[in-house]
Structure formats: structure tokens, C-alpha cells
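Read the structure below first, then the notes.
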Amino acid sequence: MNTRFARVAACAAISIGIGGAAVQGAPRYTVAQVTEQAEKTTGQGEGVVRAVDADERGIMITHGPITGPLEMSPMTMAFRVAPNVDLSSLSKGMKIKFTISRDAKGLYVIEDVRPEKP
Ligand SMILES: [Cu+2]
């Protein structure tokens, strides 16, 4: 009886320890996020590529809700694409996950595209 109780108590102590560490780490994480937001406001979304315009460096996407500091309702729209994004890897009908930001003119720009694995 005593041994079993000791084991349960040890487990509880470990759980509390992990919980405590997570709470301690949280404020630091929040500060890091705020700093990132100040640099660039971004949002995360998923969608389907409707058209790729390599000459204009733009893509048309039907996207679901975009979440994050930069939010948007679901819709079909054109985005400008950042210079670092490889447009040749994208094609019509492809399911993607992407990150958007807003440039100095207030236009939405795709910063990062990851094809969604089936
Ligand atoms: Cu949109």
C-alpha cells in the first residue's frame, strides 16, 4: 500500500513539474511573438491554386479562413508573391498551405507556400 501510494505521489510531482515549466516558459514565448509581429504581421491559410501568373508574380487562390494577426474570411482572390517563392513549383488545382503578409502599400503578399501532402 505504502509503495503504491509513493509511486502515485511521484507521478503527481512530475506532472506538476512539467506544468510549472510550461507556465514559466509562456511569458517568454509571448514576448517573442509580439516582437515578431512588430516586424511583420502575418497570417496562415490553406487553399487551392486557381491560376499562376509567372510574369506578374501572382497567384489566384480559393482560400479558407486565414488566421493569425492578419485575418481574412474565405474567398477567391489574387495575391502577389514574394521574390523568394518558387512559382514553378505551383500549378492549378494544387492544395497549398501559405503564409501572407502585407507590404508597405497595404497589399497582401504570399511569403511562403507549402504544397499540402495528400
Ligand atoms: Cu482573401
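Going by the C-alpha cells order, chains are called A, B, ..., each with residues numbered from 1, while ligands are numbered from 1 in the order shown.
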
For ligand 1, return the neighbouring residues as a PDB file with C-alpha atoms, in the first residue's frame (distance at most 10 Å; only C-alpha atoms and all ligand atoms).
ATOM      1  CA  GLY A  45      -4.108  29.907 -44.569  1.00  0.00           C
ATOM      2  CA  MET A  60      -5.144  33.206 -57.674  1.00  0.00           C
ATOM      3  CA  ILE A  61      -6.230  31.149 -54.682  1.00  0.00           C
ATOM      4  CA  THR A  62      -9.524  29.949 -53.274  1.00  0.00           C
ATOM      5  CA  HIS A  63      -8.675  30.085 -49.598  1.00  0.00           C
ATOM      6  CA  GLY A  64     -10.334  29.159 -46.319  1.00  0.00           C
ATOM      7  CA  PRO A  65     -10.224  31.415 -43.270  1.00  0.00           C
ATOM      8  CA  ILE A  66      -6.795  32.984 -42.813  1.00  0.00           C
ATOM      9  CA  GLU A  71      -7.008  37.519 -40.681  1.00  0.00           C
ATOM     10  CA  MET A  72      -9.235  37.079 -43.703  1.00  0.00           C
ATOM     11  CA  SER A  73     -12.554  35.425 -44.478  1.00  0.00           C
ATOM     12  CA  PRO A  74     -12.715  32.593 -47.026  1.00  0.00           C
ATOM     13  CA  MET A  75     -12.753  33.789 -50.648  1.00  0.00           C
ATOM     14  CA  THR A  76     -11.149  33.505 -54.066  1.00  0.00           C
ATOM     15  CA  MET A  77      -8.605  36.218 -54.712  1.00  0.00           C
ATOM     16  CA  ALA A  78      -5.292  37.115 -56.326  1.00  0.00           C
ATOM     17  CA  PHE A  79      -2.135  37.507 -54.282  1.00  0.00           C
ATOM     18  CA  TYR A 108      -1.290  41.180 -49.462  1.00  0.00           C
TER      19      TYR A 108
END

Q: Write out as a ChimeraX atom specification the residues lying within 12 Å of Lys40 in chain A, counting only C-alpha atoms and excluding same-chain residues fewer than 6 positions away.
A: /A:33-34,68-70,99-104,108-109,111

Q.
DSSP on the backbone, strand (DSSP E or B) only: what residues of range 49-84 of chain A does that give? Format it as a PyMOL selection string.
A. chain A and resi 49-53+58-63+66-67+72+75-81

Could the residues in this selection be written to a file with C-alpha atoms, as a PDB file, in the first residue's frame?
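And here is the file that came out, out27.pdb:
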ATOM      1  CA  VAL A  49      -4.405  27.302 -56.567  1.00  0.00           C
ATOM      2  CA  ARG A  50      -6.742  28.545 -59.327  1.00  0.00           C
ATOM      3  CA  ALA A  51      -4.176  30.229 -61.579  1.00  0.00           C
ATOM      4  CA  VAL A  52      -0.467  31.032 -61.622  1.00  0.00           C
ATOM      5  CA  ASP A  53       0.803  34.163 -63.366  1.00  0.00           C
ATOM      6  CA  GLY A  58       0.883  36.484 -58.759  1.00  0.00           C
ATOM      7  CA  ILE A  59      -1.394  33.560 -57.978  1.00  0.00           C
ATOM      8  CA  MET A  60      -5.144  33.206 -57.674  1.00  0.00           C
ATOM      9  CA  ILE A  61      -6.230  31.149 -54.682  1.00  0.00           C
ATOM     10  CA  THR A  62      -9.524  29.949 -53.274  1.00  0.00           C
ATOM     11  CA  HIS A  63      -8.675  30.085 -49.598  1.00  0.00           C
ATOM     12  CA  ILE A  66      -6.795  32.984 -42.813  1.00  0.00           C
ATOM     13  CA  THR A  67      -5.804  33.094 -39.175  1.00  0.00           C
ATOM     14  CA  MET A  72      -9.235  37.079 -43.703  1.00  0.00           C
ATOM     15  CA  MET A  75     -12.753  33.789 -50.648  1.00  0.00           C
ATOM     16  CA  THR A  76     -11.149  33.505 -54.066  1.00  0.00           C
ATOM     17  CA  MET A  77      -8.605  36.218 -54.712  1.00  0.00           C
ATOM     18  CA  ALA A  78      -5.292  37.115 -56.326  1.00  0.00           C
ATOM     19  CA  PHE A  79      -2.135  37.507 -54.282  1.00  0.00           C
ATOM     20  CA  ARG A  80       1.221  38.974 -55.143  1.00  0.00           C
ATOM     21  CA  VAL A  81       4.037  36.548 -54.417  1.00  0.00           C
TER      22      VAL A  81
END

Q: Compile the contact shell of range 90-98 of chain A as a list in words: residues with an atom at most 9 Å away, counting only C-alpha atoms, same-chain residues fewer than 3 positions apart removed.
A: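 Within the cut-off, the hits are Gly43, Gln44, Gly45, Glu46, Gly47, Val48, Val49, Arg50, Ala51, Val52, Asp86, Leu87, Ile110, Glu111, Asp112, Val113, Arg114, Pro115, Glu116, Lys117 and Pro118 of chain A.
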